[in-house]
Number of protein chains: 2
Amino acid sequence: MSQPIEATASRAPVEFYFDFTSPYGYLASEKIDALAARYDRRVKWRPFLMGVALKATGAGILTRIPLKGEYALRDFARSARFLDVPYTQPANFPLATMQAARAYYWLHDQDCETARTFAHTLYRGYFIDGRDISDPEVVLELAARHGADRATLAAALNDAPLKERLKAECEAAIAKGVFGSPYFIVDDEPFFGVDRLPQLERWLASGGF
Amino acid sequence: MSQPIEATASRAPVEFYFDFTSPYGYLASEKIDALAARYDRRVKWRPFLMGVALKATGAGILTRIPLKGEYALRDFARSARFLDVPYTQPANFPLATMQAARAYYWLHDQDCETARTFAHTLYRGYFIDGRDISDPEVVLELAARHGADRATLAAALNDAPLKERLKAECEAAIAKGVFGSPYFIVDDEPFFGVDRLPQLERWLASGGF
């Protein structure tokens, strides 16, 4: 006999949308795989460009908003300490992440596990070591550590197919209602923000609440 | 010998800023007193008008923002279930809260404990029973339950001193950096959002982290 449909469906992966320049996305990236694994779920990592979502919602760049901006800088660092994740506010913040995201999808289409460890390398490079991950040279250097052929990736980054691929991913994210980073979807239930991980966890534990 | 200065200072109340039309403010109002009491702290309740803060940050009304608005309505109800607080999304949302806030301060200046129970009555009236707390008649009815003289309060609501009082409270809140509801200040450390209560609790437990 086959498994009950519900049991099979319950193993759908957690969708994780994030932008490589998002501090809360970085914090979530250090937690989400282990959290999901406790409930026998995998995680689908989907970098996108927050700028596209900001256009849809009319929101500005968080750290440049009066009152909120100053608070945000403090909250990034405090939330990192709260979650026990190393964090150093980058001087160059926020930055453009299309090259980083394109490189992610290029690697992903060869080996999704390698792409995930590359995503960690990008996030940690930016939020721990202060690397300028908007610079294609930096992206290539970090990708090479994960076995990417530098020349091939350098050419791909500026070719139409990879540009189109990222554009399509951003459009798909917006179509699903994604408006910020991190944003999670669990069995059609959306969760926005690293501060929603406790709710997401209860959802996984109890199949909704 | 007198107590060490630090021990005395550590008993400063938690400041709790909120707007009576804020769902997350309502959820926080059901939790903050008990949370603070676990660490031998009292809470100073300070209603203000979010509209003033929204002007400062340029933010719009959450539920009317594309993508974010639909998510927010779902998140209000789910966060209430997560925190085990009764919640019904009011049809009239958001609404103007200056009469409610003025009545709060009028009661507060007579008896701050009564004002606090009145604040619960306003919040629960709106978010459980769907009462229109923008209506001065409703505000008067609810205040009368707490012993307020209806005619005296009705006159005070439209007199300059109480209007000025609320205006000064709003200006003081903005001057402290308050930009949304709920917003807490613990020993100069700001916390924004009901989802920051776990961080606020760790702060109280450990004197900062």
# chains A, B, ... in the order shown; residues from 1 in each chain; ligands from 1
call {"tool": "interface_residues", "arguments": {"of": "chain B", "to": "chain A", "cutoff": "6 Å", "atoms": "only C-alpha atoms", "output": "list in words"}}
result
Thr57, Ile65, Pro66, Leu67 and Gly177 of chain B
call {"tool": "residues_around", "arguments": {"residues": "segment 101-117 of chain B", "least_positions_apart": "6", "cutoff": "7 Å", "atoms": "only C-alpha atoms", "output": "PyMOL selection string"}}
result
chain B and resi 47-48+146+157+162-163+166
call {"tool": "write_last_selection", "arguments": {"atoms": "N, CA and C atoms", "output": "mmCIF file, in the first residue's frame"}}
result
data_model
loop_
_atom_site.group_PDB
_atom_site.id
_atom_site.type_symbol
_atom_site.label_atom_id
_atom_site.label_comp_id
_atom_site.auth_asym_id
_atom_site.auth_seq_id
_atom_site.Cartn_x
_atom_site.Cartn_y
_atom_site.Cartn_z
ATOM 1 N N PRO B 47 -0.378 55.328 26.364
ATOM 2 C CA PRO B 47 -1.004 55.381 25.034
ATOM 3 C C PRO B 47 -0.552 56.628 24.278
ATOM 4 N N PHE B 48 -0.379 56.493 22.978
ATOM 5 C CA PHE B 48 -0.052 57.641 22.129
ATOM 6 C C PHE B 48 -0.738 57.421 20.791
ATOM 7 N N HIS B 146 -15.809 52.143 35.088
ATOM 8 C CA HIS B 146 -14.685 52.221 36.031
ATOM 9 C C HIS B 146 -14.853 53.405 36.978
ATOM 10 N N LEU B 157 -13.074 65.889 27.748
ATOM 11 C CA LEU B 157 -12.575 65.358 26.473
ATOM 12 C C LEU B 157 -12.433 66.444 25.412
ATOM 13 N N LEU B 162 -6.814 68.700 28.414
ATOM 14 C CA LEU B 162 -6.655 67.273 28.127
ATOM 15 C C LEU B 162 -6.110 67.053 26.710
ATOM 16 N N LYS B 163 -6.565 67.890 25.751
ATOM 17 C CA LYS B 163 -6.009 67.813 24.394
ATOM 18 C C LYS B 163 -4.500 68.072 24.424
ATOM 19 N N LEU B 166 -2.492 65.072 25.909
ATOM 20 C CA LEU B 166 -2.221 63.973 24.973
ATOM 21 C C LEU B 166 -1.173 64.382 23.944
#
call {"tool": "residues_around", "arguments": {"residues": "Leu140 of chain A", "least_positions_apart": "3", "cutoff": "7 Å", "atoms": "only C-alpha atoms", "output": "list in words"}}
result
Pro136, Glu137, Ala143, Ala144, Arg150 and Ala154 of chain A
call {"tool": "write_last_selection", "arguments": {"atoms": "all heavy atoms", "output": "compact mmCIF listing (two decimals), in the first residue's frame"}}
result
# COMPACT_ATOMS: atom_id res chain seq x y z
N PRO A 136 31.54 41.67 -8.24
CA PRO A 136 31.59 40.37 -8.93
C PRO A 136 32.88 39.61 -8.65
O PRO A 136 32.87 38.38 -8.58
CB PRO A 136 31.48 40.74 -10.41
CG PRO A 136 30.91 42.12 -10.45
CD PRO A 136 31.28 42.79 -9.16
N GLU A 137 33.97 40.32 -8.45
CA GLU A 137 35.24 39.65 -8.18
C GLU A 137 35.18 38.88 -6.86
O GLU A 137 35.72 37.78 -6.73
CB GLU A 137 36.40 40.67 -8.13
CG GLU A 137 36.73 41.28 -9.49
CD GLU A 137 37.06 40.21 -10.54
OE1 GLU A 137 37.80 39.25 -10.20
OE2 GLU A 137 36.56 40.31 -11.68
N ALA A 143 32.80 31.82 -4.84
CA ALA A 143 32.25 30.67 -5.57
C ALA A 143 33.35 29.68 -5.92
O ALA A 143 33.13 28.46 -5.89
CB ALA A 143 31.53 31.15 -6.83
N ALA A 144 34.54 30.20 -6.24
CA ALA A 144 35.66 29.31 -6.59
C ALA A 144 36.01 28.39 -5.42
O ALA A 144 36.39 27.23 -5.63
CB ALA A 144 36.87 30.15 -7.01
N ARG A 150 35.92 29.75 -12.36
CA ARG A 150 35.84 31.19 -12.33
C ARG A 150 35.47 31.82 -13.67
O ARG A 150 34.58 32.66 -13.75
CB ARG A 150 37.19 31.72 -11.85
CG ARG A 150 37.08 33.00 -11.09
CD ARG A 150 38.45 33.41 -10.54
NE ARG A 150 38.41 34.85 -10.38
CZ ARG A 150 38.61 35.48 -9.22
NH1 ARG A 150 38.90 34.81 -8.14
NH2 ARG A 150 38.52 36.79 -9.16
N ALA A 154 32.06 33.72 -14.50
CA ALA A 154 32.19 35.15 -14.84
C ALA A 154 31.41 35.44 -16.12
O ALA A 154 30.70 36.45 -16.22
CB ALA A 154 33.66 35.52 -15.00
call {"tool": "select_by_dssp", "arguments": {"residues": "segment 25-94 of chain A", "states": "strand (DSSP E)", "output": "list in words"}}
result
Val43, Lys44, Trp45, Arg46 and Pro47 of chain A
call {"tool": "atom_distance", "arguments": {"atom1": "atom CA of Ala155 of chain A", "atom2": "atom CA of Leu142 of chain A"}}
result
15.9 Å
call {"tool": "residues_around", "arguments": {"residues": "Phe16 of chain A", "least_positions_apart": "2", "cutoff": "8 Å", "atoms": "only C-alpha atoms", "output": "short mmCIF file (atom, residue, chain, number, x, y, z; two decimals) with C-alpha atoms, in the first residue's frame"}}
result
data_model
loop_
_atom_site.label_atom_id
_atom_site.label_comp_id
_atom_site.auth_asym_id
_atom_site.auth_seq_id
_atom_site.Cartn_x
_atom_site.Cartn_y
_atom_site.Cartn_z
CA VAL A 14 9.91 24.83 3.89
CA PHE A 18 15.87 35.96 1.45
CA VAL A 43 14.39 23.75 3.20
CA LYS A 44 14.26 25.24 -0.28
CA TRP A 45 16.54 28.30 -0.31
CA ARG A 46 15.37 31.02 -2.67
CA PRO A 182 13.35 36.48 5.43
CA TYR A 183 9.99 35.13 4.31
CA PHE A 184 8.97 31.50 4.76
CA ILE A 185 6.14 29.43 3.35
#
call {"tool": "atom_distance", "arguments": {"atom1": "atom CA of Lys167 of chain A", "atom2": "atom CA of Ile128 of chain A"}}
result
28.1 Å
call {"tool": "select_by_dssp", "arguments": {"residues": "segment 20-174 of chain B", "states": "helix (DSSP H, G or I)", "output": "ChimeraX atom specification"}}
result
/B:23-29,32-37,50-57,62-64,68-83,98-108,112-127,136-145,150-157,160-174
call {"tool": "atom_distance", "arguments": {"atom1": "atom CA of Leu35 of chain A", "atom2": "atom CA of Pro86 of chain A"}}
result
18.3 Å
call {"tool": "residues_around", "arguments": {"residues": "Ser29 of chain A", "least_positions_apart": "4", "cutoff": "8 Å", "atoms": "only C-alpha atoms", "output": "number ranges by chain"}}
result
A: 25, 33, 120
call {"tool": "decode", "arguments": {"residues": "segment 62-204 of chain A", "atoms": "C-alpha atoms", "output": "PDB file, in the first residue's frame"}}
result
ATOM      1  CA  LEU A  62      15.025  50.278   6.714  1.00  0.00           C
ATOM      2  CA  THR A  63      18.172  51.867   8.095  1.00  0.00           C
ATOM      3  CA  ARG A  64      17.471  55.163   6.316  1.00  0.00           C
ATOM      4  CA  ILE A  65      13.987  55.648   7.794  1.00  0.00           C
ATOM      5  CA  PRO A  66      13.815  58.326  10.524  1.00  0.00           C
ATOM      6  CA  LEU A  67      13.565  56.859  14.069  1.00  0.00           C
ATOM      7  CA  LYS A  68      13.204  53.307  12.725  1.00  0.00           C
ATOM      8  CA  GLY A  69      16.660  53.284  11.132  1.00  0.00           C
ATOM      9  CA  GLU A  70      18.570  53.897  14.345  1.00  0.00           C
ATOM     10  CA  TYR A  71      16.490  51.289  16.134  1.00  0.00           C
ATOM     11  CA  ALA A  72      17.045  48.776  13.329  1.00  0.00           C
ATOM     12  CA  LEU A  73      20.848  48.949  13.611  1.00  0.00           C
ATOM     13  CA  ARG A  74      20.588  48.242  17.319  1.00  0.00           C
ATOM     14  CA  ASP A  75      18.044  45.481  16.759  1.00  0.00           C
ATOM     15  CA  PHE A  76      20.191  43.692  14.126  1.00  0.00           C
ATOM     16  CA  ALA A  77      23.060  43.322  16.599  1.00  0.00           C
ATOM     17  CA  ARG A  78      20.863  42.516  19.602  1.00  0.00           C
ATOM     18  CA  SER A  79      18.849  39.926  17.664  1.00  0.00           C
ATOM     19  CA  ALA A  80      22.130  38.296  16.612  1.00  0.00           C
ATOM     20  CA  ARG A  81      23.254  38.083  20.257  1.00  0.00           C
ATOM     21  CA  PHE A  82      19.809  36.787  21.234  1.00  0.00           C
ATOM     22  CA  LEU A  83      20.087  34.020  18.612  1.00  0.00           C
ATOM     23  CA  ASP A  84      23.774  33.411  19.364  1.00  0.00           C
ATOM     24  CA  VAL A  85      24.903  34.172  15.811  1.00  0.00           C
ATOM     25  CA  PRO A  86      28.111  36.161  15.118  1.00  0.00           C
ATOM     26  CA  TYR A  87      27.350  39.551  13.551  1.00  0.00           C
ATOM     27  CA  THR A  88      29.237  42.674  12.553  1.00  0.00           C
ATOM     28  CA  GLN A  89      27.310  45.522  10.943  1.00  0.00           C
ATOM     29  CA  PRO A  90      28.863  45.952   7.470  1.00  0.00           C
ATOM     30  CA  ALA A  91      30.053  49.468   6.608  1.00  0.00           C
ATOM     31  CA  ASN A  92      28.738  49.039   3.061  1.00  0.00           C
ATOM     32  CA  PHE A  93      25.044  48.513   3.822  1.00  0.00           C
ATOM     33  CA  PRO A  94      22.773  47.700   2.155  1.00  0.00           C
ATOM     34  CA  LEU A  95      24.398  46.610  -1.086  1.00  0.00           C
ATOM     35  CA  ALA A  96      23.284  45.240  -4.461  1.00  0.00           C
ATOM     36  CA  THR A  97      22.981  41.470  -4.446  1.00  0.00           C
ATOM     37  CA  MET A  98      22.087  40.532  -8.003  1.00  0.00           C
ATOM     38  CA  GLN A  99      25.546  39.083  -8.766  1.00  0.00           C
ATOM     39  CA  ALA A 100      25.492  37.050  -5.554  1.00  0.00           C
ATOM     40  CA  ALA A 101      21.975  35.766  -6.269  1.00  0.00           C
ATOM     41  CA  ARG A 102      22.773  34.959  -9.897  1.00  0.00           C
ATOM     42  CA  ALA A 103      25.864  33.005  -8.830  1.00  0.00           C
ATOM     43  CA  TYR A 104      23.709  31.131  -6.298  1.00  0.00           C
ATOM     44  CA  TYR A 105      21.271  29.969  -8.998  1.00  0.00           C
ATOM     45  CA  TRP A 106      24.105  29.088 -11.360  1.00  0.00           C
ATOM     46  CA  LEU A 107      25.631  26.818  -8.729  1.00  0.00           C
ATOM     47  CA  HIS A 108      22.194  25.580  -7.698  1.00  0.00           C
ATOM     48  CA  ASP A 109      21.482  24.265 -11.172  1.00  0.00           C
ATOM     49  CA  GLN A 110      24.601  22.117 -10.901  1.00  0.00           C
ATOM     50  CA  ASP A 111      24.343  21.022  -7.267  1.00  0.00           C
ATOM     51  CA  CYS A 112      21.831  22.427  -4.807  1.00  0.00           C
ATOM     52  CA  GLU A 113      23.809  21.360  -1.713  1.00  0.00           C
ATOM     53  CA  THR A 114      26.885  23.222  -2.921  1.00  0.00           C
ATOM     54  CA  ALA A 115      24.702  26.257  -3.597  1.00  0.00           C
ATOM     55  CA  ARG A 116      23.521  26.172   0.024  1.00  0.00           C
ATOM     56  CA  THR A 117      27.032  26.128   1.475  1.00  0.00           C
ATOM     57  CA  PHE A 118      27.924  28.916  -0.971  1.00  0.00           C
ATOM     58  CA  ALA A 119      24.973  30.946   0.365  1.00  0.00           C
ATOM     59  CA  HIS A 120      26.385  30.544   3.887  1.00  0.00           C
ATOM     60  CA  THR A 121      29.792  31.658   2.606  1.00  0.00           C
ATOM     61  CA  LEU A 122      28.270  34.780   1.025  1.00  0.00           C
ATOM     62  CA  TYR A 123      26.228  35.680   4.118  1.00  0.00           C
ATOM     63  CA  ARG A 124      29.107  35.059   6.540  1.00  0.00           C
ATOM     64  CA  GLY A 125      31.540  36.833   4.247  1.00  0.00           C
ATOM     65  CA  TYR A 126      29.310  39.911   4.370  1.00  0.00           C
ATOM     66  CA  PHE A 127      28.003  39.854   7.952  1.00  0.00           C
ATOM     67  CA  ILE A 128      31.087  38.504   9.732  1.00  0.00           C
ATOM     68  CA  ASP A 129      34.077  39.429   7.550  1.00  0.00           C
ATOM     69  CA  GLY A 130      32.686  42.589   5.929  1.00  0.00           C
ATOM     70  CA  ARG A 131      33.407  41.407   2.380  1.00  0.00           C
ATOM     71  CA  ASP A 132      31.815  43.455  -0.417  1.00  0.00           C
ATOM     72  CA  ILE A 133      29.577  40.790  -1.947  1.00  0.00           C
ATOM     73  CA  SER A 134      28.186  43.294  -4.476  1.00  0.00           C
ATOM     74  CA  ASP A 135      31.577  43.084  -6.221  1.00  0.00           C
ATOM     75  CA  PRO A 136      31.585  40.372  -8.928  1.00  0.00           C
ATOM     76  CA  GLU A 137      35.245  39.646  -8.177  1.00  0.00           C
ATOM     77  CA  VAL A 138      34.380  38.825  -4.564  1.00  0.00           C
ATOM     78  CA  VAL A 139      31.452  36.656  -5.661  1.00  0.00           C
ATOM     79  CA  LEU A 140      33.739  34.773  -8.064  1.00  0.00           C
ATOM     80  CA  GLU A 141      36.413  34.303  -5.397  1.00  0.00           C
ATOM     81  CA  LEU A 142      33.895  32.881  -2.915  1.00  0.00           C
ATOM     82  CA  ALA A 143      32.247  30.674  -5.572  1.00  0.00           C
ATOM     83  CA  ALA A 144      35.657  29.312  -6.590  1.00  0.00           C
ATOM     84  CA  ARG A 145      36.102  28.056  -3.018  1.00  0.00           C
ATOM     85  CA  HIS A 146      33.110  25.829  -3.695  1.00  0.00           C
ATOM     86  CA  GLY A 147      34.543  24.461  -6.911  1.00  0.00           C
ATOM     87  CA  ALA A 148      33.038  26.901  -9.417  1.00  0.00           C
ATOM     88  CA  ASP A 149      35.092  27.502 -12.524  1.00  0.00           C
ATOM     89  CA  ARG A 150      35.843  31.192 -12.326  1.00  0.00           C
ATOM     90  CA  ALA A 151      35.912  32.009 -16.034  1.00  0.00           C
ATOM     91  CA  THR A 152      32.747  30.053 -16.810  1.00  0.00           C
ATOM     92  CA  LEU A 153      30.830  31.669 -13.952  1.00  0.00           C
ATOM     93  CA  ALA A 154      32.187  35.146 -14.843  1.00  0.00           C
ATOM     94  CA  ALA A 155      30.777  34.756 -18.347  1.00  0.00           C
ATOM     95  CA  ALA A 156      27.466  33.357 -17.103  1.00  0.00           C
ATOM     96  CA  LEU A 157      26.922  36.258 -14.680  1.00  0.00           C
ATOM     97  CA  ASN A 158      26.570  38.652 -17.580  1.00  0.00           C
ATOM     98  CA  ASP A 159      24.707  36.396 -19.960  1.00  0.00           C
ATOM     99  CA  ALA A 160      20.990  36.710 -20.583  1.00  0.00           C
ATOM    100  CA  PRO A 161      19.868  33.252 -19.365  1.00  0.00           C
ATOM    101  CA  LEU A 162      21.116  33.709 -15.784  1.00  0.00           C
ATOM    102  CA  LYS A 163      19.758  37.279 -15.649  1.00  0.00           C
ATOM    103  CA  GLU A 164      16.397  35.957 -16.815  1.00  0.00           C
ATOM    104  CA  ARG A 165      16.559  33.131 -14.297  1.00  0.00           C
ATOM    105  CA  LEU A 166      16.939  35.540 -11.353  1.00  0.00           C
ATOM    106  CA  LYS A 167      14.270  37.854 -12.751  1.00  0.00           C
ATOM    107  CA  ALA A 168      11.861  34.912 -12.985  1.00  0.00           C
ATOM    108  CA  GLU A 169      12.671  33.865  -9.392  1.00  0.00           C
ATOM    109  CA  CYS A 170      11.934  37.403  -8.151  1.00  0.00           C
ATOM    110  CA  GLU A 171       8.650  37.514 -10.050  1.00  0.00           C
ATOM    111  CA  ALA A 172       7.674  34.103  -8.699  1.00  0.00           C
ATOM    112  CA  ALA A 173       8.438  35.257  -5.159  1.00  0.00           C
ATOM    113  CA  ILE A 174       6.318  38.412  -5.506  1.00  0.00           C
ATOM    114  CA  ALA A 175       3.527  36.317  -7.019  1.00  0.00           C
ATOM    115  CA  LYS A 176       3.570  34.198  -3.848  1.00  0.00           C
ATOM    116  CA  GLY A 177       3.179  37.350  -1.719  1.00  0.00           C
ATOM    117  CA  VAL A 178       6.803  37.634  -0.594  1.00  0.00           C
ATOM    118  CA  PHE A 179       7.444  41.249   0.434  1.00  0.00           C
ATOM    119  CA  GLY A 180      10.538  41.109   2.626  1.00  0.00           C
ATOM    120  CA  SER A 181      13.428  39.021   3.926  1.00  0.00           C
ATOM    121  CA  PRO A 182      13.347  36.482   5.428  1.00  0.00           C
ATOM    122  CA  TYR A 183       9.992  35.132   4.315  1.00  0.00           C
ATOM    123  CA  PHE A 184       8.975  31.503   4.759  1.00  0.00           C
ATOM    124  CA  ILE A 185       6.141  29.433   3.348  1.00  0.00           C
ATOM    125  CA  VAL A 186       5.150  26.207   5.096  1.00  0.00           C
ATOM    126  CA  ASP A 187       2.293  24.292   3.469  1.00  0.00           C
ATOM    127  CA  ASP A 188       0.814  27.563   2.109  1.00  0.00           C
ATOM    128  CA  GLU A 189       1.206  29.354   5.473  1.00  0.00           C
ATOM    129  CA  PRO A 190       3.448  32.457   5.215  1.00  0.00           C
ATOM    130  CA  PHE A 191       5.801  33.664   7.958  1.00  0.00           C
ATOM    131  CA  PHE A 192       7.675  36.962   7.682  1.00  0.00           C
ATOM    132  CA  GLY A 193      10.746  37.752   9.737  1.00  0.00           C
ATOM    133  CA  VAL A 194      13.319  35.856  11.760  1.00  0.00           C
ATOM    134  CA  ASP A 195      11.153  36.688  14.780  1.00  0.00           C
ATOM    135  CA  ARG A 196       8.442  34.400  13.398  1.00  0.00           C
ATOM    136  CA  LEU A 197      10.634  31.282  13.693  1.00  0.00           C
ATOM    137  CA  PRO A 198       8.960  30.306  17.007  1.00  0.00           C
ATOM    138  CA  GLN A 199       5.538  30.437  15.282  1.00  0.00           C
ATOM    139  CA  LEU A 200       6.920  28.535  12.279  1.00  0.00           C
ATOM    140  CA  GLU A 201       8.284  25.898  14.633  1.00  0.00           C
ATOM    141  CA  ARG A 202       4.968  25.479  16.404  1.00  0.00           C
ATOM    142  CA  TRP A 203       3.301  25.198  12.987  1.00  0.00           C
ATOM    143  CA  LEU A 204       5.650  22.371  11.999  1.00  0.00           C
TER     144      LEU A 204
END
